[in-house]
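Enquirer: One structure is given below, represented as structure tokens, and several questions about it will come after.
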Amino acid sequence: MTRIILIGYMGAGKTTVGKDLAKQLGLTFYDLDWYIETRMRKKVKQIFDECGEEGFRTIERNMLHEVAEFENVIIACGGGTPCFFDNMDYINAQGDVVYLKGEPEVLFRHLKMGKGVRPLLLGKSDEELIQYITDSLKKREQYYLKARHIVDIPFMENDDKVKDTIEKVKRELGLDTNPQLRQ
């Protein structure tokens, strides 16, 4: 049974890396935000608007407890998931947790490149966004650093950089290019 859980700040590439890694390893991929949206039949932003962050974090925790029981999966958590309740201790107990660690400038560039709506970033200038990322990362890193595995990520502006990052994750987890998944 294999369970790999990716954590890190928004824009770290958890979904991008997770989807491709799952494909390579023959595992099922779950993005926790997508899972929440499917189960709740609402977008994360709508849940935030209706329930506030506290309400969203409670829903997120409940959905995390569902998806983290699945076997032979790769799960990409939301950026804040490890920072609330006992979530970080819980996910560490569920599988191999990998912190995709990005510098604020890299995260900023990824977020600018991305197309999704990020409720916590709405209405910020580039300078405000970099400062917000830097400040948030300082608060969240105490949780992220509890991961058993830490992989520094580059700016992943193309497929080759994504592939390189996936190879770094596989090496960190002790999986070679033809992995025999751990039983």
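In the structure tokens, the first chain shown is A, the next is B, and so on; residue numbers restart at 1 for each chain, and ligands run from 1 in the order shown.
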Taking the chain letters and numbering used in this document, name the residues of region 19-177 of chain A that DSSP puts in helix (DSSP H, G or I), as an NGL selection string.

Expert: :A and (19-25 or 32-40 or 44-67 or 81-83 or 87-94 or 104-113 or 119-121 or 126-144 or 159-173)

Enquirer: Find the spatial neighbours of Thr2 (chain A), counting only C-alpha atoms, within a cut-off of 12 Å - ignore same-chain residues fewer than 3 positions away - and output them as a PyMOL selection string.

Expert: chain A and resi 5+22+25-29+68-75+94-97+173+175+179-183

Enquirer: With N, CA and C atoms kept, could you save the residues just selected as a PDB file, in the first residue's frame?

Expert:
```pdb
ATOM      1  N   ILE A   5       1.705  11.996   0.270  1.00  0.00           N
ATOM      2  CA  ILE A   5       0.946  13.220   0.514  1.00  0.00           C
ATOM      3  C   ILE A   5       1.873  14.402   0.288  1.00  0.00           C
ATOM      4  N   ALA A  22       1.735  10.431 -10.043  1.00  0.00           N
ATOM      5  CA  ALA A  22       0.737   9.365  -9.926  1.00  0.00           C
ATOM      6  C   ALA A  22       0.667   8.557 -11.212  1.00  0.00           C
ATOM      7  N   LEU A  25       3.684   6.284 -11.443  1.00  0.00           N
ATOM      8  CA  LEU A  25       3.712   5.191 -10.464  1.00  0.00           C
ATOM      9  C   LEU A  25       2.462   4.310 -10.511  1.00  0.00           C
ATOM     10  N   GLY A  26       1.510   4.661 -11.367  1.00  0.00           N
ATOM     11  CA  GLY A  26       0.282   3.873 -11.460  1.00  0.00           C
ATOM     12  C   GLY A  26      -0.609   4.020 -10.238  1.00  0.00           C
ATOM     13  N   LEU A  27      -0.603   5.198  -9.640  1.00  0.00           N
ATOM     14  CA  LEU A  27      -1.421   5.475  -8.463  1.00  0.00           C
ATOM     15  C   LEU A  27      -2.561   6.423  -8.842  1.00  0.00           C
ATOM     16  N   THR A  28      -3.549   6.510  -7.984  1.00  0.00           N
ATOM     17  CA  THR A  28      -4.649   7.442  -8.195  1.00  0.00           C
ATOM     18  C   THR A  28      -4.277   8.773  -7.566  1.00  0.00           C
ATOM     19  N   PHE A  29      -4.575   9.864  -8.268  1.00  0.00           N
ATOM     20  CA  PHE A  29      -4.253  11.201  -7.765  1.00  0.00           C
ATOM     21  C   PHE A  29      -5.502  11.898  -7.251  1.00  0.00           C
ATOM     22  N   ALA A  68      -7.418  10.552   2.967  1.00  0.00           N
ATOM     23  CA  ALA A  68      -6.155  10.007   3.475  1.00  0.00           C
ATOM     24  C   ALA A  68      -6.278   8.562   3.940  1.00  0.00           C
ATOM     25  N   GLU A  69      -7.472   8.007   3.868  1.00  0.00           N
ATOM     26  CA  GLU A  69      -7.662   6.583   4.164  1.00  0.00           C
ATOM     27  C   GLU A  69      -7.583   5.728   2.898  1.00  0.00           C
ATOM     28  N   PHE A  70      -7.629   6.366   1.736  1.00  0.00           N
ATOM     29  CA  PHE A  70      -7.559   5.628   0.477  1.00  0.00           C
ATOM     30  C   PHE A  70      -6.175   5.012   0.318  1.00  0.00           C
ATOM     31  N   GLU A  71      -6.102   3.921  -0.426  1.00  0.00           N
ATOM     32  CA  GLU A  71      -4.825   3.239  -0.638  1.00  0.00           C
ATOM     33  C   GLU A  71      -4.324   3.470  -2.052  1.00  0.00           C
ATOM     34  N   ASN A  72      -2.996   3.400  -2.189  1.00  0.00           N
ATOM     35  CA  ASN A  72      -2.326   3.560  -3.482  1.00  0.00           C
ATOM     36  C   ASN A  72      -2.718   4.876  -4.149  1.00  0.00           C
ATOM     37  N   VAL A  73      -2.463   5.953  -3.408  1.00  0.00           N
ATOM     38  CA  VAL A  73      -2.836   7.292  -3.853  1.00  0.00           C
ATOM     39  C   VAL A  73      -1.698   8.287  -3.655  1.00  0.00           C
ATOM     40  N   ILE A  74      -1.808   9.360  -4.414  1.00  0.00           N
ATOM     41  CA  ILE A  74      -1.017  10.560  -4.161  1.00  0.00           C
ATOM     42  C   ILE A  74      -2.033  11.657  -3.916  1.00  0.00           C
ATOM     43  N   ILE A  75      -1.851  12.379  -2.812  1.00  0.00           N
ATOM     44  CA  ILE A  75      -2.784  13.431  -2.420  1.00  0.00           C
ATOM     45  C   ILE A  75      -2.031  14.756  -2.395  1.00  0.00           C
ATOM     46  N   GLN A  94      -0.301   8.997   8.141  1.00  0.00           N
ATOM     47  CA  GLN A  94      -0.992   8.315   7.049  1.00  0.00           C
ATOM     48  C   GLN A  94      -0.102   7.867   5.901  1.00  0.00           C
ATOM     49  N   GLY A  95       1.061   8.477   5.731  1.00  0.00           N
ATOM     50  CA  GLY A  95       1.880   8.089   4.589  1.00  0.00           C
ATOM     51  C   GLY A  95       3.168   8.879   4.509  1.00  0.00           C
ATOM     52  N   ASP A  96       3.797   8.815   3.334  1.00  0.00           N
ATOM     53  CA  ASP A  96       5.032   9.553   3.073  1.00  0.00           C
ATOM     54  C   ASP A  96       4.666  10.987   2.713  1.00  0.00           C
ATOM     55  N   VAL A  97       4.991  11.917   3.592  1.00  0.00           N
ATOM     56  CA  VAL A  97       4.649  13.324   3.374  1.00  0.00           C
ATOM     57  C   VAL A  97       5.868  14.040   2.783  1.00  0.00           C
ATOM     58  N   LEU A 173      12.056   9.846  -1.993  1.00  0.00           N
ATOM     59  CA  LEU A 173      11.212   8.770  -1.460  1.00  0.00           C
ATOM     60  C   LEU A 173      11.833   7.385  -1.641  1.00  0.00           C
ATOM     61  N   LEU A 175      12.311   5.896  -4.535  1.00  0.00           N
ATOM     62  CA  LEU A 175      11.679   5.202  -5.663  1.00  0.00           C
ATOM     63  C   LEU A 175      12.579   5.409  -6.890  1.00  0.00           C
ATOM     64  N   PRO A 179       9.786   1.872 -10.287  1.00  0.00           N
ATOM     65  CA  PRO A 179       9.544   1.537  -8.889  1.00  0.00           C
ATOM     66  C   PRO A 179       8.715   0.276  -8.689  1.00  0.00           C
ATOM     67  N   GLN A 180       9.133  -0.492  -7.714  1.00  0.00           N
ATOM     68  CA  GLN A 180       8.284  -1.547  -7.194  1.00  0.00           C
ATOM     69  C   GLN A 180       7.666  -0.926  -5.956  1.00  0.00           C
ATOM     70  N   LEU A 181       6.401  -0.624  -6.008  1.00  0.00           N
ATOM     71  CA  LEU A 181       5.766   0.087  -4.901  1.00  0.00           C
ATOM     72  C   LEU A 181       5.857  -0.736  -3.627  1.00  0.00           C
ATOM     73  N   ARG A 182       6.107  -0.017  -2.557  1.00  0.00           N
ATOM     74  CA  ARG A 182       6.226  -0.684  -1.257  1.00  0.00           C
ATOM     75  C   ARG A 182       4.886  -1.285  -0.838  1.00  0.00           C
ATOM     76  N   GLN A 183       4.952  -2.474  -0.327  1.00  0.00           N
ATOM     77  CA  GLN A 183       3.734  -3.158   0.130  1.00  0.00           C
ATOM     78  C   GLN A 183       3.532  -2.939   1.603  1.00  0.00           C
TER      79      GLN A 183
END
```

Enquirer: Return the single residue from A:His110, A:His65, A:Arg140, A:Lys19 that is closest to Leu6 (chain A), with distances computed using only C-alpha atoms.

Expert: A:Lys19

Enquirer: If you measure from CA of Ile4 (chain A) to CA of Phe56 (chain A), what distance in Å do you get, rounded to one decimal?

Expert: 23.4 Å

Enquirer: Among region 7-104 of chain A, which residues does DSSP mark as strand (DSSP E or B) when it is run on the backbone? Keep the chain and numbering as in the structure and answer as a list in words.

Expert: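 Taking region 7-104 of chain A and keeping strand (DSSP E or B) gives Ile7, Thr28, Phe29, Tyr30, Asp31, Val73, Ile74, Ile75, Ala76, Asp96, Val97, Val98, Tyr99, Leu100 and Lys101 of chain A.
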
Enquirer: Take the residues that were just selected and, keeping N, CA, C and O atoms, output them as a tab-separated table (two decimals), in the first residue's frame.

Expert:
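selection25.tsv written:
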```tsv
chain	number	residue	atom	x	y	z
A	7	ILE	N	2.64	18.38	0.39
A	7	ILE	CA	2.26	19.62	1.05
A	7	ILE	C	3.18	20.73	0.58
A	7	ILE	O	4.22	20.49	-0.02
A	28	THR	N	-3.55	6.51	-7.98
A	28	THR	CA	-4.65	7.44	-8.19
A	28	THR	C	-4.28	8.77	-7.57
A	28	THR	O	-3.74	8.81	-6.46
A	29	PHE	N	-4.57	9.86	-8.27
A	29	PHE	CA	-4.25	11.20	-7.77
A	29	PHE	C	-5.50	11.90	-7.25
A	29	PHE	O	-6.55	11.87	-7.89
A	30	TYR	N	-5.37	12.52	-6.09
A	30	TYR	CA	-6.44	13.35	-5.53
A	30	TYR	C	-5.86	14.70	-5.15
A	30	TYR	O	-4.89	14.78	-4.40
A	31	ASP	N	-6.48	15.75	-5.66
A	31	ASP	CA	-6.21	17.11	-5.19
A	31	ASP	C	-7.27	17.37	-4.13
A	31	ASP	O	-8.47	17.27	-4.42
A	73	VAL	N	-2.46	5.95	-3.41
A	73	VAL	CA	-2.84	7.29	-3.85
A	73	VAL	C	-1.70	8.29	-3.65
A	73	VAL	O	-0.79	8.07	-2.84
A	74	ILE	N	-1.81	9.36	-4.41
A	74	ILE	CA	-1.02	10.56	-4.16
A	74	ILE	C	-2.03	11.66	-3.92
A	74	ILE	O	-2.97	11.84	-4.69
A	75	ILE	N	-1.85	12.38	-2.81
A	75	ILE	CA	-2.78	13.43	-2.42
A	75	ILE	C	-2.03	14.76	-2.40
A	75	ILE	O	-0.97	14.87	-1.76
A	76	ALA	N	-2.58	15.76	-3.06
A	76	ALA	CA	-2.05	17.12	-2.99
A	76	ALA	C	-2.95	17.90	-2.03
A	76	ALA	O	-4.12	18.09	-2.31
A	96	ASP	N	3.80	8.82	3.33
A	96	ASP	CA	5.03	9.55	3.07
A	96	ASP	C	4.67	10.99	2.71
A	96	ASP	O	4.08	11.24	1.66
A	97	VAL	N	4.99	11.92	3.59
A	97	VAL	CA	4.65	13.32	3.37
A	97	VAL	C	5.87	14.04	2.78
A	97	VAL	O	6.97	13.97	3.33
A	98	VAL	N	5.64	14.72	1.66
A	98	VAL	CA	6.70	15.45	0.97
A	98	VAL	C	6.34	16.94	0.96
A	98	VAL	O	5.28	17.32	0.46
A	99	TYR	N	7.23	17.74	1.52
A	99	TYR	CA	7.07	19.20	1.49
A	99	TYR	C	7.78	19.71	0.24
A	99	TYR	O	9.00	19.60	0.13
A	100	LEU	N	7.02	20.24	-0.70
A	100	LEU	CA	7.59	20.89	-1.88
A	100	LEU	C	7.90	22.32	-1.47
A	100	LEU	O	7.02	23.16	-1.35
A	101	LYS	N	9.18	22.55	-1.22
A	101	LYS	CA	9.63	23.81	-0.61
A	101	LYS	C	10.09	24.78	-1.69
A	101	LYS	O	11.06	24.52	-2.40
```

Enquirer: Could you name the residues that touch Asp135 (chain A) at 12 Å or less, counting only C-alpha atoms, but leaving out those on the same chain fewer than 6 positions away, as an mmCIF file with all heavy atoms, in the first residue's frame?

Expert:
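Okay, this is what ended up in selection.cif:
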```cif
data_model
loop_
_atom_site.group_PDB
_atom_site.id
_atom_site.type_symbol
_atom_site.label_atom_id
_atom_site.label_comp_id
_atom_site.auth_asym_id
_atom_site.auth_seq_id
_atom_site.Cartn_x
_atom_site.Cartn_y
_atom_site.Cartn_z
ATOM 1 N N TYR A 9 3.297 25.437 0.129
ATOM 2 C CA TYR A 9 2.538 26.663 -0.063
ATOM 3 C C TYR A 9 1.817 26.633 -1.409
ATOM 4 O O TYR A 9 2.224 25.899 -2.318
ATOM 5 C CB TYR A 9 3.471 27.877 0.022
ATOM 6 C CG TYR A 9 2.745 29.162 0.263
ATOM 7 C CD1 TYR A 9 2.211 29.443 1.509
ATOM 8 C CD2 TYR A 9 2.561 30.086 -0.751
ATOM 9 C CE1 TYR A 9 1.504 30.612 1.743
ATOM 10 C CE2 TYR A 9 1.863 31.270 -0.526
ATOM 11 C CZ TYR A 9 1.344 31.519 0.721
ATOM 12 O OH TYR A 9 0.642 32.683 0.948
ATOM 13 N N GLU A 103 10.992 28.950 -2.684
ATOM 14 C CA GLU A 103 11.298 30.307 -2.223
ATOM 15 C C GLU A 103 10.128 31.217 -2.612
ATOM 16 O O GLU A 103 9.443 30.965 -3.607
ATOM 17 C CB GLU A 103 12.593 30.800 -2.871
ATOM 18 C CG GLU A 103 13.835 30.047 -2.405
ATOM 19 C CD GLU A 103 14.069 30.161 -0.897
ATOM 20 O OE1 GLU A 103 13.889 31.266 -0.338
ATOM 21 O OE2 GLU A 103 14.393 29.138 -0.279
ATOM 22 N N PRO A 104 9.887 32.296 -1.855
ATOM 23 C CA PRO A 104 8.773 33.201 -2.166
ATOM 24 C C PRO A 104 8.745 33.664 -3.624
ATOM 25 O O PRO A 104 7.667 33.715 -4.230
ATOM 26 C CB PRO A 104 8.985 34.375 -1.201
ATOM 27 C CG PRO A 104 9.659 33.750 -0.019
ATOM 28 C CD PRO A 104 10.562 32.696 -0.613
ATOM 29 N N GLU A 128 2.565 43.452 -3.012
ATOM 30 C CA GLU A 128 1.778 42.967 -1.877
ATOM 31 C C GLU A 128 1.735 41.441 -1.867
ATOM 32 O O GLU A 128 1.778 40.819 -0.801
ATOM 33 C CB GLU A 128 0.351 43.520 -1.939
ATOM 34 C CG GLU A 128 0.246 45.007 -1.677
ATOM 35 C CD GLU A 128 -1.136 45.571 -1.976
ATOM 36 O OE1 GLU A 128 -1.838 45.053 -2.889
ATOM 37 O OE2 GLU A 128 -1.516 46.543 -1.308
ATOM 38 N N LEU A 129 1.659 40.856 -3.040
ATOM 39 C CA LEU A 129 1.598 39.407 -3.161
ATOM 40 C C LEU A 129 2.899 38.757 -2.685
ATOM 41 O O LEU A 129 2.867 37.801 -1.903
ATOM 42 C CB LEU A 129 1.298 39.011 -4.612
ATOM 43 C CG LEU A 129 0.991 37.558 -4.901
ATOM 44 C CD1 LEU A 129 -0.078 37.004 -3.970
ATOM 45 C CD2 LEU A 129 0.552 37.401 -6.353
ATOM 46 N N GLU A 141 5.664 27.596 7.770
ATOM 47 C CA GLU A 141 6.785 26.679 7.614
ATOM 48 C C GLU A 141 7.009 25.796 8.837
ATOM 49 O O GLU A 141 7.476 24.665 8.709
ATOM 50 C CB GLU A 141 8.063 27.437 7.244
ATOM 51 C CG GLU A 141 9.020 26.512 6.541
ATOM 52 C CD GLU A 141 9.944 27.193 5.569
ATOM 53 O OE1 GLU A 141 10.635 28.142 5.962
ATOM 54 O OE2 GLU A 141 9.986 26.734 4.414
#
```

Enquirer: Work out how far CA of Tyr35 (chain A) is from CA of Asp126 (chain A), in Å to one decimal.

Expert: 29.8 Å

Enquirer: Excluding Ser136 (chain A) and its own-chain neighbours fewer than 6 positions away, which residues fall within 12 Å of it when counting only C-alpha atoms? Please give them as a list in words.

Expert: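 Selected residues are Gly8, Tyr9, Met10, Gly79, Gly80, Cys83, Glu103, Pro104, Leu107, Leu120, Leu121, Glu128, Leu129, Ile130, Gln142, Tyr143 and Tyr144 of chain A.
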
Enquirer: Please write the residues from the selection above to a file, keeping N, CA and C atoms, as a short mmCIF file (atom, residue, chain, number, x, y, z; two decimals), in the first residue's frame.

Expert:
```cif
data_model
loop_
_atom_site.label_atom_id
_atom_site.label_comp_id
_atom_site.auth_asym_id
_atom_site.auth_seq_id
_atom_site.Cartn_x
_atom_site.Cartn_y
_atom_site.Cartn_z
N GLY A 8 2.79 21.95 0.88
CA GLY A 8 3.59 23.11 0.53
C GLY A 8 2.68 24.29 0.28
N TYR A 9 3.30 25.44 0.13
CA TYR A 9 2.54 26.66 -0.06
C TYR A 9 1.82 26.63 -1.41
N MET A 10 0.75 27.44 -1.54
CA MET A 10 0.07 27.48 -2.84
C MET A 10 1.08 27.94 -3.89
N GLY A 79 -2.60 24.49 0.47
CA GLY A 79 -1.47 25.12 1.14
C GLY A 79 -1.63 25.27 2.63
N GLY A 80 -2.86 25.51 3.09
CA GLY A 80 -3.09 25.71 4.52
C GLY A 80 -3.45 24.44 5.28
N CYS A 83 -1.67 23.31 8.48
CA CYS A 83 -1.51 24.34 9.50
C CYS A 83 -2.69 24.44 10.46
N GLU A 103 10.99 28.95 -2.68
CA GLU A 103 11.30 30.31 -2.22
C GLU A 103 10.13 31.22 -2.61
N PRO A 104 9.89 32.30 -1.85
CA PRO A 104 8.77 33.20 -2.17
C PRO A 104 8.74 33.66 -3.62
N LEU A 107 7.39 30.81 -5.79
CA LEU A 107 5.95 30.65 -5.55
C LEU A 107 5.17 31.77 -6.23
N LEU A 120 -7.39 33.81 -1.14
CA LEU A 120 -6.54 34.58 -0.23
C LEU A 120 -5.67 35.61 -0.94
N LEU A 121 -5.61 35.56 -2.27
CA LEU A 121 -4.71 36.45 -3.01
C LEU A 121 -5.44 37.55 -3.77
N GLU A 128 2.57 43.45 -3.01
CA GLU A 128 1.78 42.97 -1.88
C GLU A 128 1.73 41.44 -1.87
N LEU A 129 1.66 40.86 -3.04
CA LEU A 129 1.60 39.41 -3.16
C LEU A 129 2.90 38.76 -2.68
N ILE A 130 4.04 39.29 -3.11
CA ILE A 130 5.33 38.73 -2.66
C ILE A 130 5.45 38.87 -1.14
N GLN A 142 6.64 26.25 10.03
CA GLN A 142 6.77 25.41 11.22
C GLN A 142 5.99 24.09 11.06
N TYR A 143 4.90 24.14 10.31
CA TYR A 143 4.11 22.93 10.06
C TYR A 143 4.71 22.14 8.90
N TYR A 144 5.01 22.84 7.81
CA TYR A 144 5.57 22.18 6.63
C TYR A 144 6.84 21.40 6.96
#
```

Enquirer: Skipping near chain neighbours, those fewer than 2 positions away, what residues fall within 12 Å of Glu37 (chain A) using only C-alpha atoms, listed as a PyMOL selection string?

Expert: chain A and resi 30-35+39-48+56+59-60+63

Enquirer: May I have the selected residues written with C-alpha atoms, as a PDB file, in the first residue's frame?

Expert:
```pdb
ATOM      1  CA  TYR A  30      -6.436  13.346  -5.527  1.00  0.00           C
ATOM      2  CA  ASP A  31      -6.206  17.107  -5.189  1.00  0.00           C
ATOM      3  CA  LEU A  32      -7.827  17.814  -1.817  1.00  0.00           C
ATOM      4  CA  ASP A  33      -9.427  21.075  -3.000  1.00  0.00           C
ATOM      5  CA  TRP A  34     -10.932  19.313  -6.031  1.00  0.00           C
ATOM      6  CA  TYR A  35     -12.135  16.499  -3.782  1.00  0.00           C
ATOM      7  CA  ARG A  39     -18.121  16.315  -2.480  1.00  0.00           C
ATOM      8  CA  MET A  40     -19.598  19.698  -1.504  1.00  0.00           C
ATOM      9  CA  ARG A  41     -20.755  20.558  -5.049  1.00  0.00           C
ATOM     10  CA  LYS A  42     -19.328  24.059  -4.544  1.00  0.00           C
ATOM     11  CA  LYS A  43     -16.091  25.834  -5.423  1.00  0.00           C
ATOM     12  CA  VAL A  44     -13.613  26.455  -2.600  1.00  0.00           C
ATOM     13  CA  LYS A  45     -14.127  30.207  -3.030  1.00  0.00           C
ATOM     14  CA  GLN A  46     -17.888  29.767  -2.590  1.00  0.00           C
ATOM     15  CA  ILE A  47     -17.332  27.696   0.576  1.00  0.00           C
ATOM     16  CA  PHE A  48     -14.958  30.397   1.890  1.00  0.00           C
ATOM     17  CA  PHE A  56     -13.830  25.876   5.277  1.00  0.00           C
ATOM     18  CA  ILE A  59     -14.788  20.866   6.003  1.00  0.00           C
ATOM     19  CA  GLU A  60     -11.218  20.503   4.706  1.00  0.00           C
ATOM     20  CA  MET A  63     -12.429  15.588   3.704  1.00  0.00           C
TER      21      MET A  63
END
```

Enquirer: Any idea what's packed within 7 Å of Phe155 (chain A), counting only C-alpha atoms, ignoring anything in its chain fewer than 2 positions away? Could you give it as a PyMOL selection string?

Expert: chain A and resi 106+153+157

Enquirer: Mind giving me the straight-line distance from CA of Asp49 (chain A) to CA of Gly18 (chain A) in Å, one decimal?

Expert: 27.7 Å

Enquirer: Find the spatial neighbours of Asp89 (chain A), counting only C-alpha atoms, within a cut-off of 10 Å - ignore same-chain residues fewer than 3 positions away - and output them as a CSV table (one decimal) with N, CA and C atoms, in the first residue's frame.

Expert:
```
chain,number,residue,atom,x,y,z
A,82,PRO,N,-2.0,21.7,6.3
A,82,PRO,CA,-1.2,21.2,7.4
A,82,PRO,C,-1.2,22.1,8.6
A,85,PHE,N,-5.8,22.5,13.0
A,85,PHE,CA,-6.2,21.3,13.8
A,85,PHE,C,-4.9,20.5,14.1
A,86,ASP,N,-5.0,19.2,14.0
A,86,ASP,CA,-3.9,18.2,14.1
A,86,ASP,C,-3.5,17.7,12.8
A,92,ASN,N,1.2,12.9,8.6
A,92,ASN,CA,2.4,12.2,8.9
A,92,ASN,C,2.2,10.7,9.2
A,93,ALA,N,1.1,10.5,9.9
A,93,ALA,CA,0.8,9.1,10.4
A,93,ALA,C,0.2,8.3,9.2
A,94,GLN,N,-0.3,9.0,8.1
A,94,GLN,CA,-1.0,8.3,7.0
A,94,GLN,C,-0.1,7.9,5.9
A,143,TYR,N,4.9,24.1,10.3
A,143,TYR,CA,4.1,22.9,10.1
A,143,TYR,C,4.7,22.1,8.9
A,146,LYS,N,7.6,19.7,9.4
A,146,LYS,CA,7.4,18.5,10.1
A,146,LYS,C,7.3,17.3,9.1
A,147,ALA,N,7.3,17.6,7.8
A,147,ALA,CA,7.2,16.5,6.8
A,147,ALA,C,8.5,15.7,6.9
```

Enquirer: Given only C-alpha atoms as the basis, pick out the residue of A:Ala12, A:Met113, A:Val67, A:Leu122 nearest to Ile91 (chain A).

Expert: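 Of A:Ala12, A:Met113, A:Val67, A:Leu122, the one nearest Ile91 (chain A), counting only C-alpha atoms, is A:Val67.
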
Enquirer: Find, counting only C-alpha atoms, the residue in A:Glu167, A:Asp160, A:Glu54, A:Glu105 that gets nearest to Leu137 (chain A).

Expert: A:Glu105

Enquirer: Would you mind telling me which residue in A:Ile166, A:Arg3, A:Arg171, A:Ile150 lies nearest to Gly102 (chain A) when using only C-alpha atoms?

Expert: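 Closest residue, counting only C-alpha atoms: A:Ile150.
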